[in-house]
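This report concerns only the one structure given below.
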Protein chains: 2
Amino acid sequence: MARLSMAAGLVGGIEAGGTKLVCAVGSGPGERMLARASFPTGDRPAEILAKVAEWFQDQEGRHGSLGALGIASFGPVDLNPDSAKYGFITSTPKPGWRDTDLVGRLRASFPGIPIGFDTDVNGAALGEHIWGNASGLSDFVYVTLGTGIGAGAMVGGRLLHGLVHPEMGHMRLPPAPGDDFPGVCPYHSACWEGLCSGPAILARTGMRAEDLPADHPAWSLTIRYIAEAVANITCVLSPRRVILGGGVRKGGRLGEGRFFQQVREKLREVLNGYIITPALGSDIDRYLVPPLLGDDAGVCGAMALGRSVAREGEPS
Amino acid sequence: MARLSMAAGLVGGIEAGGTKLVCAVGSGPGERMLARASFPTGDRPAEILAKVAEWFQDQEGRHGSLGALGIASFGPVDLNPDSAKYGFITSTPKPGWRDTDLVGRLRASFPGIPIGFDTDVNGAALGEHIWGNASGLSDFVYVTLGTGIGAGAMVGGRLLHGLVHPEMGHMRLPPAPGDDFPGVCPYHSACWEGLCSGPAILARTGMRAEDLPADHPAWSLTIRYIAEAVANITCVLSPRRVILGGGVRKGGRLGEGRFFQQVREKLREVLNGYIITPALGSDIDRYLVPPLLGDDAGVCGAMALGRSVAREGEPS
């Protein structure tokens, strides 16, 4: 992917999540975000997407025409440009959303403008690449630890797609000694998501991650599994950095700082010095980091996806 | 990476393995390979690399000048072109080979010609891409299951490097119920390599993989772990195909055909229908395959690495 132009103009971003659709208009994060709104995802995509389109049209009236739209969506999604279902949310269990033509519905409302489309996590990865903690890095991974666990990745400067798209949350991990929690993933029980997502922590402890006391034993288990998963990602993809976003990474009452410190320590323990590089040794504080865009990583990522196609659409 | 020219001319390839250095001269596999030789790796790199250079010089006398050399090496290796140790074997425990300037020594003997350098498995991946079972695929993984377990990968048409290079053999896996074999990896005990490499099978059974009877219970355990690892690779990288090479993939007295069939069945069981694509369903026989180049995947890969820099060196 070519270096993105800083002059892509006004773009719209839609972060389509399982709970809400967050929309924004602007040219970047912070002050460059001119307007934002969110809509409950619900179970009637046609209705909610009509409201989203209406909101963007209203914003165009206030701020001027959009140069592009970007959609960063929960999945699974069809990202194959040659597929008849490109731009669809496909086999989701989310009521009403199966086989929803996300891109098509927006294109009908905004026929003239390019629309970028990718997974929510690839969007967030691109946002961190342009404006955040992956600036200048052509090879890195962005993980969200939230209601689900997913990851986007950039490899050699391009967002990773491959056969479908990564599903890193469904990686299987060695169990911690004595841990008999069966996991909550309906497909794989104790995969990473089945062990460390928000619902997994709730099922394990009866408490939400954000309320979990600093000394609750679930933290050390969760941290251990996250470290095992990041170690496996490191072995498979050899990224230059791993960004951990999502609510769980805030570490509840343990706090984000201590959470990251403990994951880093455990990661070094798991890798055990096999891969020799400062990034996994003295510089590990810069290897495993939170997103610079924080909770805006998703919607900024959607704007970044818009920006990337606005750029492609320009004569070069 | 641009599509490689078929007219790159005569190249030399060196597959540097832990036991032997296999050298070849030609323009491809099969009939296009004009000469080959192998030299024991030993513990005196300067001496053996001088013999290798002499052999190539002799071949130039017979067949004409080499347009390029390719080296596909055991690791860890330094692949960073900006590093002072680019082209070195770095922290290997192999006696004598630590900090060996592989590229520099060959360059001293062949000052005029470009030298391609990568891991043995990235080389094999490139060879399968040009001449083998990954033809036309821009996203796939090549795994070798042998004395060690390693993998190369192509992502978006380019060989994957990242921070260092992948070390997929050191991924950690969930143990099979009741399996108390501790694994043989000195760094991670029961990682993939610690469980499924040739030495792991020998330690588990007292037999070499090639002699292991078809009904030996070690096969079902080995196959299960390989399937778990391929499932994790699928979740992390989303490749379009996974090629399994190396001696263990021949399945000993079980046979290669049954070995692959059983790994595929177990892979489907592990993924459990979560990732919906024909490649992981009805077409799984084409998703998980042996290398078309067979035991020549390594040395052909080295020639492919040479070819890739010969091409880069040409005026475009």
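In the structure tokens, the first chain shown is A, the next is B, and so on; residue numbers restart at 1 for each chain, and ligands run from 1 in the order shown.
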
Would you please extract all strand (DSSP E or B) residues from segment 220-298 of chain A, as assigned by DSSP on the backbone, and give them as a list in words?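 Here is the list: Val242, Ile243, Leu244, Gly245, Leu288 and Val289 of chain A.
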
Could you write out the selected residues, including all heavy atoms, as a PDB file, in the first residue's frame?
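Saved as result_24.pdb:
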ATOM      1  N   VAL A 242       3.020  -5.640  18.737  1.00  0.00           N
ATOM      2  CA  VAL A 242       1.662  -6.138  18.953  1.00  0.00           C
ATOM      3  C   VAL A 242       0.929  -5.105  19.797  1.00  0.00           C
ATOM      4  O   VAL A 242       1.376  -4.770  20.904  1.00  0.00           O
ATOM      5  CB  VAL A 242       1.665  -7.517  19.651  1.00  0.00           C
ATOM      6  CG1 VAL A 242       0.241  -7.977  19.937  1.00  0.00           C
ATOM      7  CG2 VAL A 242       2.403  -8.557  18.796  1.00  0.00           C
ATOM      8  N   ILE A 243      -0.165  -4.580  19.250  1.00  0.00           N
ATOM      9  CA  ILE A 243      -0.988  -3.609  19.967  1.00  0.00           C
ATOM     10  C   ILE A 243      -2.188  -4.352  20.543  1.00  0.00           C
ATOM     11  O   ILE A 243      -2.881  -5.054  19.813  1.00  0.00           O
ATOM     12  CB  ILE A 243      -1.462  -2.490  19.019  1.00  0.00           C
ATOM     13  CG1 ILE A 243      -0.255  -1.732  18.445  1.00  0.00           C
ATOM     14  CG2 ILE A 243      -2.416  -1.524  19.737  1.00  0.00           C
ATOM     15  CD1 ILE A 243      -0.620  -0.704  17.374  1.00  0.00           C
ATOM     16  N   LEU A 244      -2.397  -4.213  21.850  1.00  0.00           N
ATOM     17  CA  LEU A 244      -3.563  -4.841  22.479  1.00  0.00           C
ATOM     18  C   LEU A 244      -4.591  -3.773  22.804  1.00  0.00           C
ATOM     19  O   LEU A 244      -4.344  -2.907  23.648  1.00  0.00           O
ATOM     20  CB  LEU A 244      -3.180  -5.557  23.779  1.00  0.00           C
ATOM     21  CG  LEU A 244      -2.231  -6.752  23.729  1.00  0.00           C
ATOM     22  CD1 LEU A 244      -2.070  -7.340  25.135  1.00  0.00           C
ATOM     23  CD2 LEU A 244      -2.738  -7.830  22.776  1.00  0.00           C
ATOM     24  N   GLY A 245      -5.737  -3.825  22.112  1.00  0.00           N
ATOM     25  CA  GLY A 245      -6.833  -2.908  22.394  1.00  0.00           C
ATOM     26  C   GLY A 245      -8.015  -3.663  22.991  1.00  0.00           C
ATOM     27  O   GLY A 245      -7.914  -4.834  23.325  1.00  0.00           O
ATOM     28  N   LEU A 288       4.939  -4.678  23.026  1.00  0.00           N
ATOM     29  CA  LEU A 288       3.545  -4.951  23.399  1.00  0.00           C
ATOM     30  C   LEU A 288       2.965  -3.697  24.035  1.00  0.00           C
ATOM     31  O   LEU A 288       3.358  -3.332  25.151  1.00  0.00           O
ATOM     32  CB  LEU A 288       3.512  -6.121  24.386  1.00  0.00           C
ATOM     33  CG  LEU A 288       2.139  -6.706  24.632  1.00  0.00           C
ATOM     34  CD1 LEU A 288       1.723  -7.558  23.434  1.00  0.00           C
ATOM     35  CD2 LEU A 288       2.136  -7.560  25.890  1.00  0.00           C
ATOM     36  N   VAL A 289       2.061  -3.036  23.325  1.00  0.00           N
ATOM     37  CA  VAL A 289       1.589  -1.717  23.766  1.00  0.00           C
ATOM     38  C   VAL A 289       0.075  -1.583  23.585  1.00  0.00           C
ATOM     39  O   VAL A 289      -0.530  -2.301  22.793  1.00  0.00           O
ATOM     40  CB  VAL A 289       2.272  -0.586  22.956  1.00  0.00           C
ATOM     41  CG1 VAL A 289       3.790  -0.615  23.152  1.00  0.00           C
ATOM     42  CG2 VAL A 289       1.923  -0.677  21.481  1.00  0.00           C
TER      43      VAL A 289
END

Find the nearest atom pair between each residue of chain A and chain B for residues within 9 Å, count only C-alpha atoms, give distances in Å to one decimal, sort rows by chain and ascending number, and present the table as CSV.
residue,atom,partner,partner_atom,distance
A:Pro76,CA,B:Ile275,CA,8.3
A:Ser91,CA,B:Ile276,CA,7.7
A:Ser138,CA,B:Gly162,CA,8.1
A:Asp139,CA,B:Gly162,CA,5.6
A:Phe140,CA,B:Gly162,CA,8.0
A:Ala151,CA,B:Val236,CA,8.4
A:Ala153,CA,B:Leu237,CA,9.0
A:Val155,CA,B:Val155,CA,7.2
A:Gly156,CA,B:Gly162,CA,7.4
A:Arg158,CA,B:Gly156,CA,7.8
A:Leu160,CA,B:Val155,CA,7.5
A:His161,CA,B:Ser238,CA,6.9
A:Gly162,CA,B:Ser238,CA,5.1
A:Leu163,CA,B:Arg240,CA,4.7
A:Val164,CA,B:Ser238,CA,6.2
A:His165,CA,B:Ser238,CA,5.6
A:Pro166,CA,B:Ser238,CA,5.1
A:Glu167,CA,B:Cys235,CA,4.6
A:Met168,CA,B:Val236,CA,4.8
A:Gly169,CA,B:Cys235,CA,7.6
A:His170,CA,B:Cys235,CA,6.4
A:Met171,CA,B:Asn232,CA,5.0
A:Arg172,CA,B:Pro174,CA,6.5
A:Leu173,CA,B:Pro174,CA,5.2
A:Pro174,CA,B:Pro174,CA,3.9
A:Pro175,CA,B:Pro174,CA,6.5
A:Tyr187,CA,B:Asn272,CA,6.1
A:His188,CA,B:Asn272,CA,7.2
A:Glu228,CA,B:Arg172,CA,7.5
A:Ala229,CA,B:Arg172,CA,8.7
A:Ala231,CA,B:Met171,CA,7.4
A:Asn232,CA,B:Met171,CA,5.0
A:Ile233,CA,B:Val236,CA,6.7
A:Thr234,CA,B:Pro166,CA,7.4
A:Cys235,CA,B:Glu167,CA,4.6
A:Val236,CA,B:Met168,CA,4.8
A:Leu237,CA,B:Pro166,CA,5.7
A:Ser238,CA,B:Gly162,CA,5.0
A:Pro239,CA,B:Gly162,CA,5.2
A:Arg240,CA,B:Leu163,CA,4.7
A:Arg241,CA,B:Leu163,CA,8.3
A:Val270,CA,B:His188,CA,7.5
A:Leu271,CA,B:His188,CA,7.5
A:Asn272,CA,B:Tyr187,CA,6.1
A:Gly273,CA,B:Tyr187,CA,7.7
A:Tyr274,CA,B:Tyr187,CA,6.5
A:Ile275,CA,B:Val164,CA,8.1
A:Ile276,CA,B:Ser91,CA,7.8
A:Thr277,CA,B:Val164,CA,7.8
A:Ala279,CA,B:Leu163,CA,8.3

Which residues come within 8 Å of Phe56 of chain B, counting only C-alpha atoms, excluding same-chain residues fewer than 4 positions away, as a list of chain:residue names? B:Gly12, B:Val25, B:Val52, B:Glu60

Run DSSP on the backbone of this structure and report the residues of segment 73-254 of chain B it assigns to alpha helix (DSSP H), as a PyMOL selection string. chain B and resi 102-109+120-131+192-196+198-205+217-237

Please determine, counting only C-alpha atoms, which residue among A:Arg224, A:Arg32, A:Arg208, A:His216 has the shortest atom-to-atom distance to Leu195 of chain A.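 For Leu195 of chain A, the nearest of the candidates is A:Arg224.
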
Which residues come within 10 Å of Ala214 of chain A, counting only C-alpha atoms, excluding same-chain residues fewer than 6 positions away, as a PyMOL selection string? chain A and resi 220+251-255+258-259

Neighbour list for Arg105 of chain B as a PyMOL selection string, cut-off 12 Å, only C-alpha atoms, skip fewer than 5 positions in-chain: chain B and resi 45-53+71+87-89+100+110-111+115

Export of prior selection with C-alpha atoms as a compact mmCIF listing (two decimals), in the first residue's frame:
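Printed below is again-v7.txt as written:
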# COMPACT_ATOMS: atom_id res chain seq x y z
CA PRO B 45 32.13 -23.51 7.99
CA ALA B 46 35.15 -21.79 6.37
CA GLU B 47 36.43 -25.09 5.03
CA ILE B 48 33.14 -26.42 3.77
CA LEU B 49 32.12 -23.11 2.18
CA ALA B 50 35.46 -23.02 0.33
CA LYS B 51 34.65 -26.48 -1.08
CA VAL B 52 31.18 -25.33 -2.04
CA ALA B 53 32.62 -22.30 -3.87
CA ILE B 71 21.21 -19.53 -0.26
CA GLY B 87 23.58 -12.87 5.61
CA PHE B 88 24.88 -14.43 8.84
CA ILE B 89 23.78 -17.55 10.64
CA THR B 100 28.97 -17.46 10.25
CA PHE B 110 31.74 -14.75 -6.58
CA PRO B 111 32.21 -10.98 -6.33
CA ILE B 115 23.16 -13.48 -3.98

Identify, on the basis of only C-alpha atoms, every residue whose closest approach to Ile130 of chain B does not exceed 8 Å; exclude the query and any residue fewer than 4 positions from it along the same chain; express the result as a PyMOL selection string. chain B and resi 4+126+134-135+304

Take the residues from that selection and put them in a file with C-alpha atoms, as a compact mmCIF listing (two decimals), in the first residue's frame.
# COMPACT_ATOMS: atom_id res chain seq x y z
CA LEU B 4 9.67 -13.93 -11.89
CA LEU B 126 9.39 -19.69 -3.09
CA ALA B 134 1.75 -23.03 -4.58
CA SER B 135 1.75 -21.93 -8.18
CA ALA B 304 14.48 -19.85 -6.66

Within 6 Å of Gly123 of chain B, counting only C-alpha atoms, which residues show up once you throw out same-chain ones fewer than 6 positions away? Write them as a list in words, please.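 Using only C-alpha atoms, the neighbours found are Ala72, Gly301 and Ala302 of chain B.
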
Keeping only N, CA, C and O atoms, write those residues as a PDB file, in the first residue's frame.
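Dumped to again_23.pdb:
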ATOM      1  N   ALA B  72      19.519 -20.849   0.843  1.00  0.00           N
ATOM      2  CA  ALA B  72      18.375 -21.103   1.733  1.00  0.00           C
ATOM      3  C   ALA B  72      18.937 -21.832   2.936  1.00  0.00           C
ATOM      4  O   ALA B  72      19.377 -22.968   2.825  1.00  0.00           O
ATOM      5  N   GLY B 301      14.321 -24.420  -3.828  1.00  0.00           N
ATOM      6  CA  GLY B 301      14.039 -23.147  -3.174  1.00  0.00           C
ATOM      7  C   GLY B 301      15.250 -22.238  -3.186  1.00  0.00           C
ATOM      8  O   GLY B 301      15.138 -21.029  -3.438  1.00  0.00           O
ATOM      9  N   ALA B 302      16.423 -22.809  -2.936  1.00  0.00           N
ATOM     10  CA  ALA B 302      17.659 -22.015  -2.976  1.00  0.00           C
ATOM     11  C   ALA B 302      17.870 -21.451  -4.384  1.00  0.00           C
ATOM     12  O   ALA B 302      18.214 -20.269  -4.549  1.00  0.00           O
TER      13      ALA B 302
END

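When atom CA of Gly67 of chain A is paired with atom CA of Val309 of chain A, their separation reads 9.1 Å.
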
Closest of B:Trp131, B:Ile284, B:Gly247, B:Asp215 to Gly28 of chain B - atom-to-atom distances counting only C-alpha atoms: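 Comparing B:Trp131, B:Ile284, B:Gly247, B:Asp215 against Gly28 of chain B, the winner is B:Trp131.
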